[in-house]
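*Asks:* Here's a structure for you.
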Amino acid sequence: MAKVTAEIPGDLSRQIDRMIRDGWFPDQEALIREALSHFVDAKSFLGDSPRMLHRFAADALNDSKPEVALKFVNRALSLLPTQTMTDFHLYQSLVELRVQILLVLDRNDEALTGLEEARELLPNNPTIAKWIARLKK
């Protein structure tokens with residue numbers, strides 16, 4: 001079991017205290033544990049959508065968390081083949097985001113390999129071709 005310490009703003013603290021007084025939870029620890037459980041469950045279920053994972057990855061990259069972003073984008077790419085119809089626009093967006101993440105992580109060879117795999121699925125895609133040309137320079 002992990003122990004977490006957090007500073008809670010006054011407004012939120014008053015709401016927590018009210019919920020405990022009203023009998024919804026026996027104490028702060030129980031309330032926080034329940035809230036974290038709901039948060040993690042919500043992210044887990046939403047995370048099974050490639051489109052939602054794309055958003056999570058983009059947000060993580062914007063928050064300077066490229067390793068987290070890469071996990072989201074890789075999960076989204078792994079889920080795309082399980083979809084009834086391939087969304088080629090989403091696939092291209094995921095590939096481009098993955099390339100951007102890998103470039104931030106200075107993993108250019110891996111980015112190029114991913115682009116070449118994407119070119120097999122989208123052989124005439126000019127955007128993929130431009131990325132390949134850019135990385136080969």
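Residue numbering restarts at 1 in every chain; chains get A, B, ... in the order shown in the structure tokens, and ligands count up from 1 in that same order.
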Skipping near chain neighbours, those fewer than 4 positions away, what residues fall within 12 Å of Leu77 (chain A) using only C-alpha atoms, listed as an NGL selection string?

*Replies:* :A and (47-54 or 57 or 70-73 or 81-83 or 86-88 or 90-98 or 114 or 117-118)

*Asks:* Could you state the separation of CA of Leu61 (chain A) and CA of Val40 (chain A) in Å, given to one decimal place?

*Replies:*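 Separating CA of Leu61 (chain A) from CA of Val40 (chain A) is a distance of 19.8 Å.
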
*Asks:* Residues near Leu115 (chain A), anyone? I mean within 12 Å using only C-alpha atoms, not counting same-chain ones fewer than 2 positions away, as a PDB file with all heavy atoms, in the first residue's frame.

*Replies:*
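The result, stored in part01.pdb:
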ATOM      1  N   TYR A  91      -5.378   6.943 -37.811  1.00  0.00           N
ATOM      2  CA  TYR A  91      -4.109   6.210 -37.885  1.00  0.00           C
ATOM      3  C   TYR A  91      -2.969   7.166 -38.249  1.00  0.00           C
ATOM      4  O   TYR A  91      -1.924   7.169 -37.596  1.00  0.00           O
ATOM      5  CB  TYR A  91      -4.209   5.075 -38.905  1.00  0.00           C
ATOM      6  CG  TYR A  91      -2.897   4.339 -39.109  1.00  0.00           C
ATOM      7  CD1 TYR A  91      -2.404   3.487 -38.128  1.00  0.00           C
ATOM      8  CD2 TYR A  91      -2.155   4.517 -40.268  1.00  0.00           C
ATOM      9  CE1 TYR A  91      -1.199   2.815 -38.300  1.00  0.00           C
ATOM     10  CE2 TYR A  91      -0.950   3.852 -40.450  1.00  0.00           C
ATOM     11  CZ  TYR A  91      -0.481   3.003 -39.467  1.00  0.00           C
ATOM     12  OH  TYR A  91       0.723   2.354 -39.635  1.00  0.00           O
ATOM     13  N   GLN A  92      -3.175   7.987 -39.270  1.00  0.00           N
ATOM     14  CA  GLN A  92      -2.145   8.942 -39.676  1.00  0.00           C
ATOM     15  C   GLN A  92      -1.832   9.914 -38.536  1.00  0.00           C
ATOM     16  O   GLN A  92      -0.667  10.197 -38.263  1.00  0.00           O
ATOM     17  CB  GLN A  92      -2.590   9.724 -40.905  1.00  0.00           C
ATOM     18  CG  GLN A  92      -1.566  10.777 -41.320  1.00  0.00           C
ATOM     19  CD  GLN A  92      -2.047  11.643 -42.476  1.00  0.00           C
ATOM     20  OE1 GLN A  92      -2.771  11.176 -43.335  1.00  0.00           O
ATOM     21  NE2 GLN A  92      -1.632  12.891 -42.479  1.00  0.00           N
ATOM     22  N   SER A  93      -2.851  10.402 -37.852  1.00  0.00           N
ATOM     23  CA  SER A  93      -2.642  11.324 -36.732  1.00  0.00           C
ATOM     24  C   SER A  93      -1.840  10.665 -35.611  1.00  0.00           C
ATOM     25  O   SER A  93      -0.954  11.287 -35.025  1.00  0.00           O
ATOM     26  CB  SER A  93      -3.983  11.807 -36.188  1.00  0.00           C
ATOM     27  OG  SER A  93      -4.673  12.555 -37.141  1.00  0.00           O
ATOM     28  N   LEU A  94      -2.148   9.410 -35.330  1.00  0.00           N
ATOM     29  CA  LEU A  94      -1.414   8.689 -34.291  1.00  0.00           C
ATOM     30  C   LEU A  94       0.041   8.477 -34.690  1.00  0.00           C
ATOM     31  O   LEU A  94       0.957   8.629 -33.870  1.00  0.00           O
ATOM     32  CB  LEU A  94      -2.093   7.351 -34.001  1.00  0.00           C
ATOM     33  CG  LEU A  94      -3.411   7.429 -33.230  1.00  0.00           C
ATOM     34  CD1 LEU A  94      -4.156   6.101 -33.309  1.00  0.00           C
ATOM     35  CD2 LEU A  94      -3.160   7.815 -31.781  1.00  0.00           C
ATOM     36  N   VAL A  95       0.252   8.121 -35.953  1.00  0.00           N
ATOM     37  CA  VAL A  95       1.626   7.921 -36.434  1.00  0.00           C
ATOM     38  C   VAL A  95       2.416   9.222 -36.327  1.00  0.00           C
ATOM     39  O   VAL A  95       3.544   9.234 -35.846  1.00  0.00           O
ATOM     40  CB  VAL A  95       1.624   7.380 -37.887  1.00  0.00           C
ATOM     41  CG1 VAL A  95       3.015   7.454 -38.501  1.00  0.00           C
ATOM     42  CG2 VAL A  95       1.101   5.944 -37.919  1.00  0.00           C
ATOM     43  N   GLU A  96       1.815  10.320 -36.768  1.00  0.00           N
ATOM     44  CA  GLU A  96       2.504  11.613 -36.698  1.00  0.00           C
ATOM     45  C   GLU A  96       2.810  12.015 -35.263  1.00  0.00           C
ATOM     46  O   GLU A  96       3.906  12.493 -34.962  1.00  0.00           O
ATOM     47  CB  GLU A  96       1.671  12.701 -37.370  1.00  0.00           C
ATOM     48  CG  GLU A  96       1.641  12.596 -38.870  1.00  0.00           C
ATOM     49  CD  GLU A  96       0.868  13.742 -39.488  1.00  0.00           C
ATOM     50  OE1 GLU A  96       1.478  14.807 -39.692  1.00  0.00           O
ATOM     51  OE2 GLU A  96      -0.336  13.563 -39.746  1.00  0.00           O
ATOM     52  N   LEU A  97       1.852  11.801 -34.371  1.00  0.00           N
ATOM     53  CA  LEU A  97       2.075  12.133 -32.963  1.00  0.00           C
ATOM     54  C   LEU A  97       3.181  11.260 -32.385  1.00  0.00           C
ATOM     55  O   LEU A  97       4.049  11.739 -31.643  1.00  0.00           O
ATOM     56  CB  LEU A  97       0.779  11.972 -32.166  1.00  0.00           C
ATOM     57  CG  LEU A  97       0.838  12.336 -30.691  1.00  0.00           C
ATOM     58  CD1 LEU A  97       1.313  13.775 -30.485  1.00  0.00           C
ATOM     59  CD2 LEU A  97      -0.532  12.126 -30.047  1.00  0.00           C
ATOM     60  N   ARG A  98       3.172   9.985 -32.748  1.00  0.00           N
ATOM     61  CA  ARG A  98       4.219   9.075 -32.270  1.00  0.00           C
ATOM     62  C   ARG A  98       5.599   9.533 -32.759  1.00  0.00           C
ATOM     63  O   ARG A  98       6.567   9.515 -32.002  1.00  0.00           O
ATOM     64  CB  ARG A  98       3.930   7.649 -32.737  1.00  0.00           C
ATOM     65  CG  ARG A  98       4.898   6.630 -32.176  1.00  0.00           C
ATOM     66  CD  ARG A  98       4.424   5.205 -32.480  1.00  0.00           C
ATOM     67  NE  ARG A  98       5.241   4.250 -31.793  1.00  0.00           N
ATOM     68  CZ  ARG A  98       6.389   3.765 -32.267  1.00  0.00           C
ATOM     69  NH1 ARG A  98       6.830   4.145 -33.441  1.00  0.00           N
ATOM     70  NH2 ARG A  98       7.076   2.883 -31.566  1.00  0.00           N
ATOM     71  N   VAL A  99       5.674   9.966 -34.011  1.00  0.00           N
ATOM     72  CA  VAL A  99       6.936  10.463 -34.550  1.00  0.00           C
ATOM     73  C   VAL A  99       7.395  11.690 -33.756  1.00  0.00           C
ATOM     74  O   VAL A  99       8.560  11.800 -33.375  1.00  0.00           O
ATOM     75  CB  VAL A  99       6.802  10.796 -36.052  1.00  0.00           C
ATOM     76  CG1 VAL A  99       7.987  11.604 -36.554  1.00  0.00           C
ATOM     77  CG2 VAL A  99       6.658   9.512 -36.856  1.00  0.00           C
ATOM     78  N   GLN A 100       6.493  12.607 -33.507  1.00  0.00           N
ATOM     79  CA  GLN A 100       6.843  13.810 -32.752  1.00  0.00           C
ATOM     80  C   GLN A 100       7.358  13.456 -31.359  1.00  0.00           C
ATOM     81  O   GLN A 100       8.349  14.014 -30.885  1.00  0.00           O
ATOM     82  CB  GLN A 100       5.635  14.741 -32.650  1.00  0.00           C
ATOM     83  CG  GLN A 100       5.236  15.341 -33.977  1.00  0.00           C
ATOM     84  CD  GLN A 100       3.885  16.025 -33.913  1.00  0.00           C
ATOM     85  OE1 GLN A 100       3.334  16.254 -32.844  1.00  0.00           O
ATOM     86  NE2 GLN A 100       3.333  16.339 -35.073  1.00  0.00           N
ATOM     87  N   LEU A 102       8.701  10.570 -30.419  1.00  0.00           N
ATOM     88  CA  LEU A 102      10.005   9.902 -30.539  1.00  0.00           C
ATOM     89  C   LEU A 102      11.114  10.903 -30.853  1.00  0.00           C
ATOM     90  O   LEU A 102      12.247  10.742 -30.381  1.00  0.00           O
ATOM     91  CB  LEU A 102       9.937   8.795 -31.591  1.00  0.00           C
ATOM     92  CG  LEU A 102       9.088   7.587 -31.184  1.00  0.00           C
ATOM     93  CD1 LEU A 102       8.863   6.661 -32.367  1.00  0.00           C
ATOM     94  CD2 LEU A 102       9.721   6.844 -30.018  1.00  0.00           C
ATOM     95  N   ASN A 108      15.195   8.878 -33.126  1.00  0.00           N
ATOM     96  CA  ASN A 108      14.919   9.114 -34.540  1.00  0.00           C
ATOM     97  C   ASN A 108      14.825   7.821 -35.350  1.00  0.00           C
ATOM     98  O   ASN A 108      13.990   7.720 -36.250  1.00  0.00           O
ATOM     99  CB  ASN A 108      15.977  10.028 -35.136  1.00  0.00           C
ATOM    100  CG  ASN A 108      15.978  11.404 -34.482  1.00  0.00           C
ATOM    101  OD1 ASN A 108      15.409  11.601 -33.413  1.00  0.00           O
ATOM    102  ND2 ASN A 108      16.619  12.353 -35.121  1.00  0.00           N
ATOM    103  N   ASP A 109      15.682   6.851 -35.059  1.00  0.00           N
ATOM    104  CA  ASP A 109      15.652   5.591 -35.810  1.00  0.00           C
ATOM    105  C   ASP A 109      14.320   4.868 -35.613  1.00  0.00           C
ATOM    106  O   ASP A 109      13.743   4.328 -36.563  1.00  0.00           O
ATOM    107  CB  ASP A 109      16.809   4.672 -35.386  1.00  0.00           C
ATOM    108  CG  ASP A 109      18.163   5.198 -35.820  1.00  0.00           C
ATOM    109  OD1 ASP A 109      18.205   6.061 -36.732  1.00  0.00           O
ATOM    110  OD2 ASP A 109      19.182   4.763 -35.248  1.00  0.00           O
ATOM    111  N   GLU A 110      13.832   4.891 -34.393  1.00  0.00           N
ATOM    112  CA  GLU A 110      12.547   4.254 -34.098  1.00  0.00           C
ATOM    113  C   GLU A 110      11.401   4.994 -34.809  1.00  0.00           C
ATOM    114  O   GLU A 110      10.467   4.379 -35.309  1.00  0.00           O
ATOM    115  CB  GLU A 110      12.319   4.246 -32.586  1.00  0.00           C
ATOM    116  CG  GLU A 110      11.243   3.317 -32.130  1.00  0.00           C
ATOM    117  CD  GLU A 110      11.151   3.239 -30.611  1.00  0.00           C
ATOM    118  OE1 GLU A 110      12.156   3.467 -29.912  1.00  0.00           O
ATOM    119  OE2 GLU A 110      10.036   2.964 -30.133  1.00  0.00           O
ATOM    120  N   ALA A 111      11.517   6.331 -34.871  1.00  0.00           N
ATOM    121  CA  ALA A 111      10.502   7.129 -35.571  1.00  0.00           C
ATOM    122  C   ALA A 111      10.486   6.774 -37.057  1.00  0.00           C
ATOM    123  O   ALA A 111       9.421   6.599 -37.655  1.00  0.00           O
ATOM    124  CB  ALA A 111      10.778   8.619 -35.381  1.00  0.00           C
ATOM    125  N   LEU A 112      11.651   6.653 -37.651  1.00  0.00           N
ATOM    126  CA  LEU A 112      11.750   6.316 -39.066  1.00  0.00           C
ATOM    127  C   LEU A 112      11.187   4.918 -39.339  1.00  0.00           C
ATOM    128  O   LEU A 112      10.452   4.724 -40.310  1.00  0.00           O
ATOM    129  CB  LEU A 112      13.200   6.409 -39.542  1.00  0.00           C
ATOM    130  CG  LEU A 112      13.446   6.207 -41.027  1.00  0.00           C
ATOM    131  CD1 LEU A 112      12.632   7.199 -41.860  1.00  0.00           C
ATOM    132  CD2 LEU A 112      14.929   6.337 -41.344  1.00  0.00           C
ATOM    133  N   THR A 113      11.487   3.966 -38.480  1.00  0.00           N
ATOM    134  CA  THR A 113      10.942   2.611 -38.626  1.00  0.00           C
ATOM    135  C   THR A 113       9.414   2.637 -38.581  1.00  0.00           C
ATOM    136  O   THR A 113       8.749   1.989 -39.389  1.00  0.00           O
ATOM    137  CB  THR A 113      11.495   1.682 -37.519  1.00  0.00           C
ATOM    138  OG1 THR A 113      12.922   1.651 -37.614  1.00  0.00           O
ATOM    139  CG2 THR A 113      10.940   0.281 -37.635  1.00  0.00           C
ATOM    140  N   GLU A 117       6.718   1.596 -41.590  1.00  0.00           N
ATOM    141  CA  GLU A 117       5.598   0.661 -41.391  1.00  0.00           C
ATOM    142  C   GLU A 117       4.286   1.326 -41.801  1.00  0.00           C
ATOM    143  O   GLU A 117       3.429   0.696 -42.421  1.00  0.00           O
ATOM    144  CB  GLU A 117       5.528   0.230 -39.931  1.00  0.00           C
ATOM    145  CG  GLU A 117       6.656  -0.695 -39.507  1.00  0.00           C
ATOM    146  CD  GLU A 117       6.684  -0.933 -37.999  1.00  0.00           C
ATOM    147  OE1 GLU A 117       5.784  -0.436 -37.271  1.00  0.00           O
ATOM    148  OE2 GLU A 117       7.622  -1.612 -37.536  1.00  0.00           O
ATOM    149  N   ALA A 118       4.134   2.598 -41.471  1.00  0.00           N
ATOM    150  CA  ALA A 118       2.912   3.334 -41.833  1.00  0.00           C
ATOM    151  C   ALA A 118       2.787   3.467 -43.345  1.00  0.00           C
ATOM    152  O   ALA A 118       1.684   3.417 -43.894  1.00  0.00           O
ATOM    153  CB  ALA A 118       2.909   4.713 -41.177  1.00  0.00           C
ATOM    154  N   ARG A 119       3.926   3.615 -44.019  1.00  0.00           N
ATOM    155  CA  ARG A 119       3.895   3.742 -45.475  1.00  0.00           C
ATOM    156  C   ARG A 119       3.367   2.463 -46.130  1.00  0.00           C
ATOM    157  O   ARG A 119       2.752   2.508 -47.185  1.00  0.00           O
ATOM    158  CB  ARG A 119       5.286   4.088 -46.017  1.00  0.00           C
ATOM    159  CG  ARG A 119       5.262   4.340 -47.519  1.00  0.00           C
ATOM    160  CD  ARG A 119       6.515   4.912 -48.071  1.00  0.00           C
ATOM    161  NE  ARG A 119       7.708   4.218 -47.634  1.00  0.00           N
ATOM    162  CZ  ARG A 119       8.930   4.631 -47.886  1.00  0.00           C
ATOM    163  NH1 ARG A 119       9.122   5.735 -48.568  1.00  0.00           N
ATOM    164  NH2 ARG A 119       9.963   3.955 -47.467  1.00  0.00           N
ATOM    165  N   GLU A 120       3.568   1.319 -45.485  1.00  0.00           N
ATOM    166  CA  GLU A 120       3.025   0.064 -46.019  1.00  0.00           C
ATOM    167  C   GLU A 120       1.496   0.081 -46.010  1.00  0.00           C
ATOM    168  O   GLU A 120       0.868  -0.413 -46.933  1.00  0.00           O
ATOM    169  CB  GLU A 120       3.548  -1.127 -45.211  1.00  0.00           C
ATOM    170  CG  GLU A 120       5.027  -1.389 -45.424  1.00  0.00           C
ATOM    171  CD  GLU A 120       5.551  -2.501 -44.543  1.00  0.00           C
ATOM    172  OE1 GLU A 120       4.742  -3.320 -44.036  1.00  0.00           O
ATOM    173  OE2 GLU A 120       6.773  -2.555 -44.342  1.00  0.00           O
ATOM    174  N   LEU A 121       0.912   0.680 -44.962  1.00  0.00           N
ATOM    175  CA  LEU A 121      -0.538   0.758 -44.875  1.00  0.00           C
ATOM    176  C   LEU A 121      -1.097   1.934 -45.684  1.00  0.00           C
ATOM    177  O   LEU A 121      -2.182   1.844 -46.246  1.00  0.00           O
ATOM    178  CB  LEU A 121      -0.975   0.893 -43.407  1.00  0.00           C
ATOM    179  CG  LEU A 121      -2.463   0.823 -43.127  1.00  0.00           C
ATOM    180  CD1 LEU A 121      -3.045  -0.521 -43.560  1.00  0.00           C
ATOM    181  CD2 LEU A 121      -2.733   1.025 -41.643  1.00  0.00           C
ATOM    182  N   LEU A 122      -0.334   3.009 -45.752  1.00  0.00           N
ATOM    183  CA  LEU A 122      -0.734   4.216 -46.490  1.00  0.00           C
ATOM    184  C   LEU A 122       0.351   4.554 -47.519  1.00  0.00           C
ATOM    185  O   LEU A 122       1.091   5.527 -47.361  1.00  0.00           O
ATOM    186  CB  LEU A 122      -0.920   5.398 -45.523  1.00  0.00           C
ATOM    187  CG  LEU A 122      -1.901   5.212 -44.371  1.00  0.00           C
ATOM    188  CD1 LEU A 122      -1.798   6.353 -43.379  1.00  0.00           C
ATOM    189  CD2 LEU A 122      -3.313   5.093 -44.907  1.00  0.00           C
ATOM    190  N   PRO A 123       0.472   3.745 -48.583  1.00  0.00           N
ATOM    191  CA  PRO A 123       1.603   3.887 -49.509  1.00  0.00           C
ATOM    192  C   PRO A 123       1.669   5.222 -50.259  1.00  0.00           C
ATOM    193  O   PRO A 123       2.757   5.663 -50.618  1.00  0.00           O
ATOM    194  CB  PRO A 123       1.420   2.722 -50.485  1.00  0.00           C
ATOM    195  CG  PRO A 123      -0.004   2.330 -50.366  1.00  0.00           C
ATOM    196  CD  PRO A 123      -0.443   2.686 -48.989  1.00  0.00           C
ATOM    197  N   ASN A 125       0.519   8.233 -49.140  1.00  0.00           N
ATOM    198  CA  ASN A 125       0.235   9.347 -48.249  1.00  0.00           C
ATOM    199  C   ASN A 125       1.373  10.360 -48.289  1.00  0.00           C
ATOM    200  O   ASN A 125       2.500  10.051 -47.888  1.00  0.00           O
ATOM    201  CB  ASN A 125       0.028   8.824 -46.827  1.00  0.00           C
ATOM    202  CG  ASN A 125      -0.416   9.901 -45.881  1.00  0.00           C
ATOM    203  OD1 ASN A 125       0.324  10.817 -45.594  1.00  0.00           O
ATOM    204  ND2 ASN A 125      -1.637   9.767 -45.384  1.00  0.00           N
ATOM    205  N   PRO A 126       1.099  11.590 -48.752  1.00  0.00           N
ATOM    206  CA  PRO A 126       2.163  12.590 -48.868  1.00  0.00           C
ATOM    207  C   PRO A 126       2.736  13.031 -47.518  1.00  0.00           C
ATOM    208  O   PRO A 126       3.925  13.342 -47.417  1.00  0.00           O
ATOM    209  CB  PRO A 126       1.496  13.758 -49.589  1.00  0.00           C
ATOM    210  CG  PRO A 126       0.031  13.563 -49.416  1.00  0.00           C
ATOM    211  CD  PRO A 126      -0.186  12.092 -49.224  1.00  0.00           C
ATOM    212  N   THR A 127       1.916  13.044 -46.486  1.00  0.00           N
ATOM    213  CA  THR A 127       2.403  13.460 -45.167  1.00  0.00           C
ATOM    214  C   THR A 127       3.424  12.472 -44.625  1.00  0.00           C
ATOM    215  O   THR A 127       4.476  12.861 -44.107  1.00  0.00           O
ATOM    216  CB  THR A 127       1.229  13.622 -44.178  1.00  0.00           C
ATOM    217  OG1 THR A 127       0.274  14.531 -44.743  1.00  0.00           O
ATOM    218  CG2 THR A 127       1.689  14.132 -42.846  1.00  0.00           C
ATOM    219  N   ILE A 128       3.113  11.186 -44.751  1.00  0.00           N
ATOM    220  CA  ILE A 128       4.049  10.148 -44.303  1.00  0.00           C
ATOM    221  C   ILE A 128       5.340  10.247 -45.108  1.00  0.00           C
ATOM    222  O   ILE A 128       6.443  10.187 -44.553  1.00  0.00           O
ATOM    223  CB  ILE A 128       3.420   8.737 -44.438  1.00  0.00           C
ATOM    224  CG1 ILE A 128       2.147   8.609 -43.596  1.00  0.00           C
ATOM    225  CG2 ILE A 128       4.433   7.652 -44.098  1.00  0.00           C
ATOM    226  CD1 ILE A 128       2.314   8.678 -42.115  1.00  0.00           C
ATOM    227  N   ALA A 129       5.218  10.452 -46.415  1.00  0.00           N
ATOM    228  CA  ALA A 129       6.403  10.584 -47.279  1.00  0.00           C
ATOM    229  C   ALA A 129       7.256  11.787 -46.863  1.00  0.00           C
ATOM    230  O   ALA A 129       8.491  11.699 -46.848  1.00  0.00           O
ATOM    231  CB  ALA A 129       5.967  10.712 -48.730  1.00  0.00           C
ATOM    232  N   LYS A 130       6.617  12.894 -46.527  1.00  0.00           N
ATOM    233  CA  LYS A 130       7.371  14.089 -46.093  1.00  0.00           C
ATOM    234  C   LYS A 130       8.121  13.827 -44.792  1.00  0.00           C
ATOM    235  O   LYS A 130       9.271  14.257 -44.639  1.00  0.00           O
ATOM    236  CB  LYS A 130       6.429  15.280 -45.918  1.00  0.00           C
ATOM    237  CG  LYS A 130       5.968  15.885 -47.218  1.00  0.00           C
ATOM    238  CD  LYS A 130       4.997  17.036 -46.963  1.00  0.00           C
ATOM    239  CE  LYS A 130       4.359  17.504 -48.262  1.00  0.00           C
ATOM    240  NZ  LYS A 130       3.311  18.505 -48.047  1.00  0.00           N
ATOM    241  N   TRP A 131       7.477  13.146 -43.854  1.00  0.00           N
ATOM    242  CA  TRP A 131       8.142  12.823 -42.594  1.00  0.00           C
ATOM    243  C   TRP A 131       9.359  11.925 -42.848  1.00  0.00           C
ATOM    244  O   TRP A 131      10.417  12.126 -42.259  1.00  0.00           O
ATOM    245  CB  TRP A 131       7.171  12.116 -41.630  1.00  0.00           C
ATOM    246  CG  TRP A 131       6.360  13.046 -40.792  1.00  0.00           C
ATOM    247  CD1 TRP A 131       5.026  13.304 -40.914  1.00  0.00           C
ATOM    248  CD2 TRP A 131       6.814  13.816 -39.681  1.00  0.00           C
ATOM    249  NE1 TRP A 131       4.636  14.194 -39.957  1.00  0.00           N
ATOM    250  CE2 TRP A 131       5.701  14.531 -39.184  1.00  0.00           C
ATOM    251  CE3 TRP A 131       8.042  14.003 -39.072  1.00  0.00           C
ATOM    252  CZ2 TRP A 131       5.789  15.398 -38.096  1.00  0.00           C
ATOM    253  CZ3 TRP A 131       8.132  14.862 -37.976  1.00  0.00           C
ATOM    254  CH2 TRP A 131       7.019  15.543 -37.508  1.00  0.00           C
ATOM    255  N   ILE A 132       9.192  10.929 -43.724  1.00  0.00           N
ATOM    256  CA  ILE A 132      10.310  10.018 -44.023  1.00  0.00           C
ATOM    257  C   ILE A 132      11.469  10.801 -44.623  1.00  0.00           C
ATOM    258  O   ILE A 132      12.620  10.650 -44.220  1.00  0.00           O
ATOM    259  CB  ILE A 132       9.849   8.863 -44.939  1.00  0.00           C
ATOM    260  CG1 ILE A 132       8.903   7.934 -44.172  1.00  0.00           C
ATOM    261  CG2 ILE A 132      11.036   8.099 -45.501  1.00  0.00           C
ATOM    262  CD1 ILE A 132       8.235   6.872 -45.018  1.00  0.00           C
ATOM    263  N   ALA A 133      11.154  11.650 -45.593  1.00  0.00           N
ATOM    264  CA  ALA A 133      12.207  12.461 -46.232  1.00  0.00           C
ATOM    265  C   ALA A 133      12.902  13.357 -45.212  1.00  0.00           C
ATOM    266  O   ALA A 133      14.132  13.490 -45.230  1.00  0.00           O
ATOM    267  CB  ALA A 133      11.597  13.307 -47.362  1.00  0.00           C
ATOM    268  N   ARG A 134      12.130  13.940 -44.332  1.00  0.00           N
ATOM    269  CA  ARG A 134      12.696  14.843 -43.321  1.00  0.00           C
ATOM    270  C   ARG A 134      13.642  14.090 -42.391  1.00  0.00           C
ATOM    271  O   ARG A 134      14.718  14.591 -42.038  1.00  0.00           O
ATOM    272  CB  ARG A 134      11.554  15.462 -42.524  1.00  0.00           C
ATOM    273  CG  ARG A 134      12.012  16.380 -41.441  1.00  0.00           C
ATOM    274  CD  ARG A 134      10.827  17.013 -40.729  1.00  0.00           C
ATOM    275  NE  ARG A 134      11.262  17.696 -39.536  1.00  0.00           N
ATOM    276  CZ  ARG A 134      10.470  18.080 -38.565  1.00  0.00           C
ATOM    277  NH1 ARG A 134       9.170  17.854 -38.649  1.00  0.00           N
ATOM    278  NH2 ARG A 134      10.958  18.679 -37.508  1.00  0.00           N
ATOM    279  N   LEU A 135      13.250  12.883 -41.981  1.00  0.00           N
ATOM    280  CA  LEU A 135      14.086  12.121 -41.052  1.00  0.00           C
ATOM    281  C   LEU A 135      15.321  11.519 -41.707  1.00  0.00           C
ATOM    282  O   LEU A 135      16.314  11.262 -41.039  1.00  0.00           O
ATOM    283  CB  LEU A 135      13.272  11.026 -40.371  1.00  0.00           C
ATOM    284  CG  LEU A 135      12.276  11.518 -39.329  1.00  0.00           C
ATOM    285  CD1 LEU A 135      11.501  10.349 -38.734  1.00  0.00           C
ATOM    286  CD2 LEU A 135      12.987  12.269 -38.227  1.00  0.00           C
ATOM    287  N   LYS A 136      15.257  11.292 -43.005  1.00  0.00           N
ATOM    288  CA  LYS A 136      16.412  10.712 -43.696  1.00  0.00           C
ATOM    289  C   LYS A 136      17.493  11.758 -43.974  1.00  0.00           C
ATOM    290  O   LYS A 136      18.589  11.391 -44.364  1.00  0.00           O
ATOM    291  CB  LYS A 136      15.961  10.035 -44.995  1.00  0.00           C
ATOM    292  CG  LYS A 136      15.286   8.707 -44.729  1.00  0.00           C
ATOM    293  CD  LYS A 136      15.023   7.942 -46.003  1.00  0.00           C
ATOM    294  CE  LYS A 136      14.473   6.562 -45.694  1.00  0.00           C
ATOM    295  NZ  LYS A 136      14.211   5.789 -46.906  1.00  0.00           N
TER     296      LYS A 136
END

*Asks:* Could you pull out the residues in chain A that DSSP calls alpha helix (DSSP H) from the backbone, as a PyMOL selection string?

*Replies:* chain A and resi 10-21+28-46+50-62+66-79+88-104+108-121+126-136

*Asks:* Within 12 Å of Ile8 (chain A), counting only C-alpha atoms, which residues show up once you throw out same-chain ones fewer than 4 positions away? Write them as a CSV table (one decimal) with all heavy atoms, in the first residue's frame, please.

*Replies:*
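out19.csv, freshly written:
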chain,number,residue,atom,x,y,z
A,12,LEU,N,-12.0,22.8,-1.5
A,12,LEU,CA,-12.2,21.4,-1.7
A,12,LEU,C,-12.2,20.7,-0.3
A,12,LEU,O,-12.9,19.8,-0.1
A,12,LEU,CB,-11.1,20.8,-2.6
A,12,LEU,CG,-11.1,19.3,-2.9
A,12,LEU,CD1,-12.4,18.9,-3.5
A,12,LEU,CD2,-9.9,19.0,-3.8
A,13,SER,N,-11.3,21.2,0.6
A,13,SER,CA,-11.3,20.7,1.9
A,13,SER,C,-12.6,20.8,2.6
A,13,SER,O,-13.1,19.9,3.3
A,13,SER,CB,-10.2,21.3,2.7
A,13,SER,OG,-10.1,20.8,4.0
A,14,ARG,N,-13.2,21.9,2.5
A,14,ARG,CA,-14.6,22.2,3.1
A,14,ARG,C,-15.6,21.2,2.5
A,14,ARG,O,-16.4,20.7,3.3
A,14,ARG,CB,-15.0,23.6,2.9
A,14,ARG,CG,-14.3,24.6,3.9
A,14,ARG,CD,-14.9,26.0,3.8
A,14,ARG,NE,-14.6,26.7,2.6
A,14,ARG,CZ,-13.4,27.2,2.2
A,14,ARG,NH1,-12.4,27.2,3.1
A,14,ARG,NH2,-13.3,27.8,1.1
A,15,GLN,N,-15.5,20.9,1.2
A,15,GLN,CA,-16.5,20.0,0.6
A,15,GLN,C,-16.2,18.6,1.1
A,15,GLN,O,-17.2,17.8,1.4
A,15,GLN,CB,-16.3,20.0,-0.9
A,15,GLN,CG,-16.9,21.3,-1.5
A,15,GLN,CD,-16.6,21.4,-3.0
A,15,GLN,OE1,-15.9,20.5,-3.6
A,15,GLN,NE2,-17.2,22.4,-3.7
A,16,ILE,N,-15.0,18.2,1.3
A,16,ILE,CA,-14.6,16.9,1.8
A,16,ILE,C,-15.2,16.8,3.3
A,16,ILE,O,-15.8,15.8,3.6
A,16,ILE,CB,-13.1,16.7,1.8
A,16,ILE,CG1,-12.7,16.5,0.3
A,16,ILE,CG2,-12.7,15.5,2.7
A,16,ILE,CD1,-11.1,16.5,0.2
A,17,ASP,N,-14.9,17.8,4.1
A,17,ASP,CA,-15.4,17.8,5.5
A,17,ASP,C,-16.9,17.7,5.5
A,17,ASP,O,-17.5,16.9,6.3
A,17,ASP,CB,-15.0,19.0,6.2
A,17,ASP,CG,-13.5,19.1,6.5
A,17,ASP,OD1,-12.8,18.0,6.4
A,17,ASP,OD2,-12.9,20.2,6.7
A,28,GLN,N,-11.5,11.1,5.9
A,28,GLN,CA,-10.9,11.7,4.7
A,28,GLN,C,-10.2,10.6,3.9
A,28,GLN,O,-10.3,10.6,2.6
A,28,GLN,CB,-9.9,12.8,5.0
A,28,GLN,CG,-10.5,14.1,5.5
A,28,GLN,CD,-9.4,15.1,5.7
A,28,GLN,OE1,-8.2,14.8,5.9
A,28,GLN,NE2,-9.8,16.4,5.8
A,32,ILE,N,-10.9,9.9,-0.1
A,32,ILE,CA,-9.8,10.1,-1.1
A,32,ILE,C,-9.5,8.8,-1.8
A,32,ILE,O,-9.4,8.7,-3.0
A,32,ILE,CB,-8.5,10.6,-0.4
A,32,ILE,CG1,-8.7,11.9,0.3
A,32,ILE,CG2,-7.3,10.6,-1.4
A,32,ILE,CD1,-9.0,13.1,-0.6
